[in-house]
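Accompanying notes for the structure given below.
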2 protein chains.
Amino acid sequence: ISFFPISGSWNVIRADGGSERNCSAIPPYLPSTVVNTTLRLQALREAMSSVNVSAYIIPGTDAHLSEYIAPRDARMAFMTGFTGSAGTAVVTLNKAVLWTDSRYWVQAERQMDCNWELEKDVSISSIADWLIREVSDTDNIGFDPFLFSIQTYESYSYNLVPAKLMLKSIPDNLVDGVWTDRPLIPPDNLIRLPDRVVERTWQMKVEHIRTQMTDNPYKPTAVLLSALDETAWLFNLRGSDVPYNPFFYSYTLLTLNEIWLFVHKDRVTEDLKLYLNSTCFPLAHCVQLLEYEQVRVMLKNYMTTSGVKVWIGTEYTNYALYELITPEEKLLTSAYSPVLTTKAVKDETEQRILRDAHVRDAVAVIQLLMWLEKVVPEGKETEMTAAYYVNECRSKQKDSRGPSFETISASGPNAALAHYSPSNATSRKLTVDEMYLVDSGGQYLDGTTDITRTVHWGIPTDMQKEAFTRVLMGNIEISRTIFPSGTKGVNMEMLGRRALWEVGLNYGHGTGHGVGNYFGVHEWPVGFQGNNIPFREGMFTSIEPGYYKENDFGIRIEDVVVIVPAHTKYGHNYLTFETVSLVPYDRKLIDTSLMSPQQLQWLDNYYLTIRELMGDELDRQGLTEEKTWMLKHTVPFQSATASAAVSSLSLTLTALATALLHILL
Amino acid sequence: ISFFPISGSWNVIRADGGSERNCSAIPPYLPSTVVNTTLRLQALREAMSSVNVSAYIIPGTDAHLSEYIAPRDARMAFMTGFTGSAGTAVVTLNKAVLWTDSRYWVQAERQMDCNWELEKDVSISSIADWLIREVSDTDNIGFDPFLFSIQTYESYSYNLVPAKLMLKSIPDNLVDGVWTDRPLIPPDNLIRLPDRVVERTWQMKVEHIRTQMTDNPYKPTAVLLSALDETAWLFNLRGSDVPYNPFFYSYTLLTLNEIWLFVHKDRVTEDLKLYLNSTCFPLAHCVQLLEYEQVRVMLKNYMTTSGVKVWIGTEYTNYALYELITPEEKLLTSAYSPVLTTKAVKDETEQRILRDAHVRDAVAVIQLLMWLEKVVPEGKETEMTAAYYVNECRSKQKDSRGPSFETISASGPNAALAHYSPSNATSRKLTVDEMYLVDSGGQYLDGTTDITRTVHWGIPTDMQKEAFTRVLMGNIEISRTIFPSGTKGVNMEMLGRRALWEVGLNYGHGTGHGVGNYFGVHEWPVGFQGNNIPFREGMFTSIEPGYYKENDFGIRIEDVVVIVPAHTKYGHNYLTFETVSLVPYDRKLIDTSLMSPQQLQWLDNYYLTIRELMGDELDRQGLTEEKTWMLKHTVPFQSATASAAVSSLSLTLTALATALLHILL
């Protein structure tokens, strides 16, 4: 699934056809999709007055800066009515404003009542400028420090302090105080991973992190884990508190001698307590369970100990914990915690099972593509039914745990929209006259998948073929490149764009992101972004160049790859990518005349791998029709080209010989 | 000329054969090359005591953070005896230590007496760690703020403050106080550029910078210029205060209404005063001349005015000026001043004359290569005589103003050393058995040049040919790439390495840097480094991949290119590079079988350009032998290849026809 790091790089509007509010009409017109926020705003403003703040900032995230949030964390949506995945709300004593980006402007106009204004420049400096205009000097601006990253806090502070506005940290969220029917903590117990998917026990992982602490020249005494996947990884545990990601509410404070796990304790079974050694002694290898809500109290207490130094990853630690780590000598920061950098490199078992998950996942995607090829000409299928179909196919695979994100099933112009997922209002019928893009992925007990294919069931235009081929060339150029261990993705990602640039085309999203083992589908810090860590053997990342023609079509070709050693003529410690997604590309859209011999060679090798691995798997699952389809779609290109060249040469020679004979006879 | 941004990426020792000091011998052994520093150290320590500092830091740079420094700024060399171009000295009341990198360790052992210790980890944190060990808590560490960049200050501060060591800014340099025979300010007058090389008068440039000030949302009232090329560019002036760069000591404070130029006023002729309107009124277009040394007094005074805000580029502003810009609301920073970012894009005249300078410069390099081809087999020439020869050739070209850096003329293993220039002690005889690398450049009134060619006069090994070809492929792959305007060099520079990476080879220096119009040969912020600004039409940069085999040979292929519009099939605002260096590569070292058809096509087009432009120029200069040499070395590769293929096909057909005839007759 793609991601859009460059704000403003997209400028398309979600054309879902619903009617929008009109607050300047008399009386104001409100569609039935809006939420009445008058009472909740009134209650919030009373709460604000009682803590003496003139403005209150409501971000869309949770305390773990998660990509997906649980319903009980949807505070911005509760206050505004707007349910999009990105935005910030600000309430003052007489105004209420939502900032969201262009993907969501129409949706916001359909969901917000006239208590709310919509602002379109989502930069923090723009929000701060608005606050400077609206709020008096020396007034307090309240915020929940759990919902601010360190960087978010620093950006607001940088912009507001020169204007003499004070930021006031209020750890008890004011929205929660007025949200009477706020969803509860999910009651589900945490689960531990089965041994067959685990190479390193939690004890081994704890010791590995402790080694990194003692090896660190700044001598931290503790590591504080805030992101949900950090704690889940450390203890080989999973949960289901947020959509699509098998996470549970948690923090961990790991010291050289003790381990504190902050969770909702009633969700930890007796078995799990045993597994975690939660009552043992000495304490170094015992997980002491504390209530999730106790994290600030405990951390504050730990900071009073002399000689302590807490190591945090600044990208995922919220400001509520960061602000407690004082004085400065007690703080050690890196962009990512040692857990996230360690987790980025998969161990042998993780590599093996993540490859396995991709084999089973490819079965589901092959089933989808084969089915669509058959049924689309009948004219009854839509983006929605296709998305449903691929989810169904995945659910039948071993160890399936549902989709890893909402399937993007997009036909024609819908595929040119960023982060489009079909709804009843927008779903297009699939036809042989439009290109179709499907970006989907699954969660499996052994791995997380993410793959995009773009197909055409009729006759593509030359431009569509050229754009598709150049996107494919970008995918291949990255995939086949050889580079020294430690090279950063951002320094190679232009290879994904170069064939497009050559003809003046480009795309406005990132080129790839890490994926996890039954974890997040965007598993940072691996990938091709500027803030990603250097590539090392055993990391997995997506490669996903694309091209989008507004109001016309969209192309993306996404595969997951693993970083493997490359054997070079002269050097050591060189790496390359090996593709673990195993679904053929649409042949009809490939113009081999644009491609280099090396690219064609790569493509044929890849198809050979698909034929071998998927041939075996489809046999195992008894899917003969799928196997035939797969074989048909993975015929080598080069031997085809070569024999074409040979036959064209034979023709020439035959002609020549005929001519010669004519002359001679 | 190459540059080495990654500290520690090189680990080669300058093998100049001289004997080194031995301070553990009894008595200590000192070669004749050392400087006796006992008395000057004693004097410095007295000066330190009188201002109450326990340690004093002596950087190797000047107040303008220049790449080349004037003799009067060689304070580190004066105190230590060590004359290398990079290093930091620290003196405490009982120790004296020099930090320098691996390129200079041998040289330091030959030049320093036993008062000095040598430390090898040149990071500021390592210097700070040493200070923390050597100096008592709460002691002061003195430094000259003119010789610290903002970042240098912040790095020291970051490391020292937690250890309770105080940095004490001492604007009157303590070394200067004990340096009795310190060289004087050069007496030469400043010179103004002739009109024929100027498109924008200084008045136009001043207005252009003022427009950027008024357009800036933070509303700066002044721009402060600290780097020597900033002031020189703004007023179209040049000088000769530092080696290789036509700069003069200066600062500028430019406000919306006034212009203050800080120079040594006695070096400004009456003509120049007229040119600068130094006595006119109103003041907006009059340059008020102030003494160079008055800059701090004047800036301090300006800061007392209410409502002012000073815009500085943090990369080139020294701490002595930065520390005066308080309170924080009066400061506006960007990495580079608007002068440096404006100067980065050459105007039409600058582009034309910089191209012209490269045509004349190529004559000199062609003369060198032709001469070497003839005389090397005779066995009398050396690295030194070759360097002398190319300098002589350049000096005969129109508007020559000397070399733009010390020529790197390096044979065999010497070419594998970073920043090697020959000396009497190291100069190798040139032979047909070794590869030879020459990296040289000239200053001309109209432009600055920088070019590297690597040649072999005998029979290169397969490995040498492969490495050379892959370096050339890297140069070509960058040169021919098409990219959207605003792409950063750092995101493309791997194209220079990719062909090498493929076989496990690499190089340890940067891939390119901007060049100027009669300015610095490393003209930042243009180039392929992480901190360089995005590429725009009209910028010039070098492209210079290489490969170095320790103790064996070195290859670098460096050209200067200009960024020009690329006409693409679908897009607008795409750019590419056009090579303005015009000297053929050594054919003997090129293995065309490794190259793609696109690379060969690019090479043939480049050679066609050389034939046209250099053919005309060599005719104009009446250099017929050189023209013959140039034509011989620029025969197209592809028509050669194509005709070879055609003739091989004809042979086949002939054989076939013969066979047919045999059968038939």
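By order of appearance in the structure tokens: chains A, B, ..., then residues from 1 within every chain, and ligands from 1 in the order shown.
When the distance limit is 8 Å and only C-alpha atoms are what count, the residues near region 46-57 of chain B, minus those fewer than 3 positions from it on the same chain, are Gln42, Ala43, Thr88, Ala89, Val90, Val91, Thr92, Leu93, Leu131, Val135, Asp139, Asn140, Ile141, Gly142, Phe143, Asp144, Lys168, Leu174 and Gly177 of chain B.
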List the spatial neighbours of region 594-606 of chain A as a VMD selection string - criterion: any atom at most 10 Å away, only C-alpha atoms, same-chain residues fewer than 2 positions off excluded.
(chain A and resid 466 469 to 470 472 to 477 479 to 480 499 578 to 585 590 to 592 608 to 612 634 to 639 641) or (chain B and resid 596 to 597)
Write out, as an mmCIF file, in the first residue's frame, the residues just selected, with C-alpha atoms.
data_model
loop_
_atom_site.group_PDB
_atom_site.id
_atom_site.type_symbol
_atom_site.label_atom_id
_atom_site.label_comp_id
_atom_site.auth_asym_id
_atom_site.auth_seq_id
_atom_site.Cartn_x
_atom_site.Cartn_y
_atom_site.Cartn_z
ATOM 1 C CA GLU A 466 4.125 2.751 -22.073
ATOM 2 C CA THR A 469 6.040 -0.722 -18.788
ATOM 3 C CA ARG A 470 7.992 2.198 -17.373
ATOM 4 C CA LEU A 472 7.536 -2.020 -14.241
ATOM 5 C CA MET A 473 11.014 -0.992 -15.381
ATOM 6 C CA GLY A 474 11.268 1.117 -12.224
ATOM 7 C CA ASN A 475 10.258 -1.830 -10.061
ATOM 8 C CA ILE A 476 12.806 -4.046 -11.821
ATOM 9 C CA GLU A 477 15.627 -1.490 -11.746
ATOM 10 C CA SER A 479 14.903 -4.973 -7.547
ATOM 11 C CA ARG A 480 17.948 -5.985 -9.555
ATOM 12 C CA ALA A 499 12.240 5.229 -16.667
ATOM 13 C CA GLU A 578 14.890 -10.858 -3.927
ATOM 14 C CA THR A 579 11.190 -10.573 -4.694
ATOM 15 C CA VAL A 580 8.943 -12.631 -2.410
ATOM 16 C CA SER A 581 5.593 -11.532 -3.868
ATOM 17 C CA LEU A 582 4.779 -14.159 -6.496
ATOM 18 C CA VAL A 583 2.086 -12.919 -8.856
ATOM 19 C CA PRO A 584 2.705 -12.311 -12.591
ATOM 20 C CA TYR A 585 2.224 -8.861 -14.143
ATOM 21 C CA ILE A 590 4.216 -4.841 -21.134
ATOM 22 C CA ASP A 591 6.000 -3.324 -24.115
ATOM 23 C CA THR A 592 9.205 -5.352 -24.116
ATOM 24 C CA LEU A 608 10.750 -18.858 -13.374
ATOM 25 C CA THR A 609 10.658 -18.477 -9.586
ATOM 26 C CA ILE A 610 6.895 -17.961 -9.693
ATOM 27 C CA ARG A 611 6.483 -21.062 -11.857
ATOM 28 C CA GLU A 612 8.511 -23.162 -9.427
ATOM 29 C CA THR A 634 4.559 -16.600 -16.808
ATOM 30 C CA VAL A 635 5.848 -17.771 -20.185
ATOM 31 C CA PRO A 636 9.377 -16.388 -20.513
ATOM 32 C CA PHE A 637 9.717 -13.196 -22.569
ATOM 33 C CA GLN A 638 13.282 -13.601 -23.730
ATOM 34 C CA SER A 639 13.128 -17.013 -25.302
ATOM 35 C CA THR A 641 11.868 -12.615 -28.160
ATOM 36 C CA SER B 596 24.710 -0.208 -22.948
ATOM 37 C CA PRO B 597 23.701 1.120 -26.369
#
DSSP strand (DSSP E or B) selection over region 519-597 of chain B, as a tab-separated table (two decimals) with C-alpha atoms, in the first residue's frame:
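What ended up in out.tsv:
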chain	number	residue	atom	x	y	z
B	527	GLY	CA	26.41	19.31	-5.93
B	540	PHE	CA	27.02	23.93	-12.90
B	541	THR	CA	28.41	20.91	-11.08
B	542	SER	CA	31.24	18.45	-11.46
B	543	ILE	CA	30.53	14.74	-11.92
B	546	GLY	CA	36.36	7.07	-9.36
B	547	TYR	CA	37.93	3.85	-8.23
B	548	TYR	CA	41.09	3.44	-6.15
B	549	LYS	CA	43.07	0.26	-5.64
B	553	PHE	CA	46.37	2.58	-9.12
B	554	GLY	CA	43.66	5.21	-9.02
B	555	ILE	CA	40.97	6.18	-11.53
B	556	ARG	CA	38.83	9.28	-11.58
B	558	GLU	CA	35.68	14.23	-13.76
B	559	ASP	CA	33.72	16.60	-15.96
B	560	VAL	CA	31.89	19.82	-15.33
B	561	VAL	CA	28.29	19.88	-16.53
B	562	VAL	CA	25.57	22.50	-16.79
B	563	ILE	CA	21.96	21.76	-15.99
B	564	VAL	CA	19.75	22.31	-19.03
B	565	PRO	CA	16.08	21.68	-19.91
B	566	ALA	CA	15.23	18.19	-21.18
B	574	TYR	CA	12.40	18.21	-16.66
B	575	LEU	CA	16.15	18.73	-16.71
B	576	THR	CA	19.32	16.96	-17.72
B	577	PHE	CA	23.08	17.57	-17.75
B	578	GLU	CA	25.21	18.86	-20.61
B	579	THR	CA	28.95	18.29	-20.32
Could you pull out the alpha helix (DSSP H) residues of region 171-391 of chain A, going by DSSP on the backbone, and write them as an NGL selection string?
:A and (174-178 or 202-215 or 228-235 or 270-275 or 295-303 or 319-322 or 338-344 or 348-375 or 383-391)
Neighbours of chain A in chain B at 10 Å, counting only C-alpha atoms, as a ChimeraX atom specification
/B:162-163,328-329,463,480-484,487,489-495,497-506,530,566-576,596-597,653,656-657,660-661,664-665
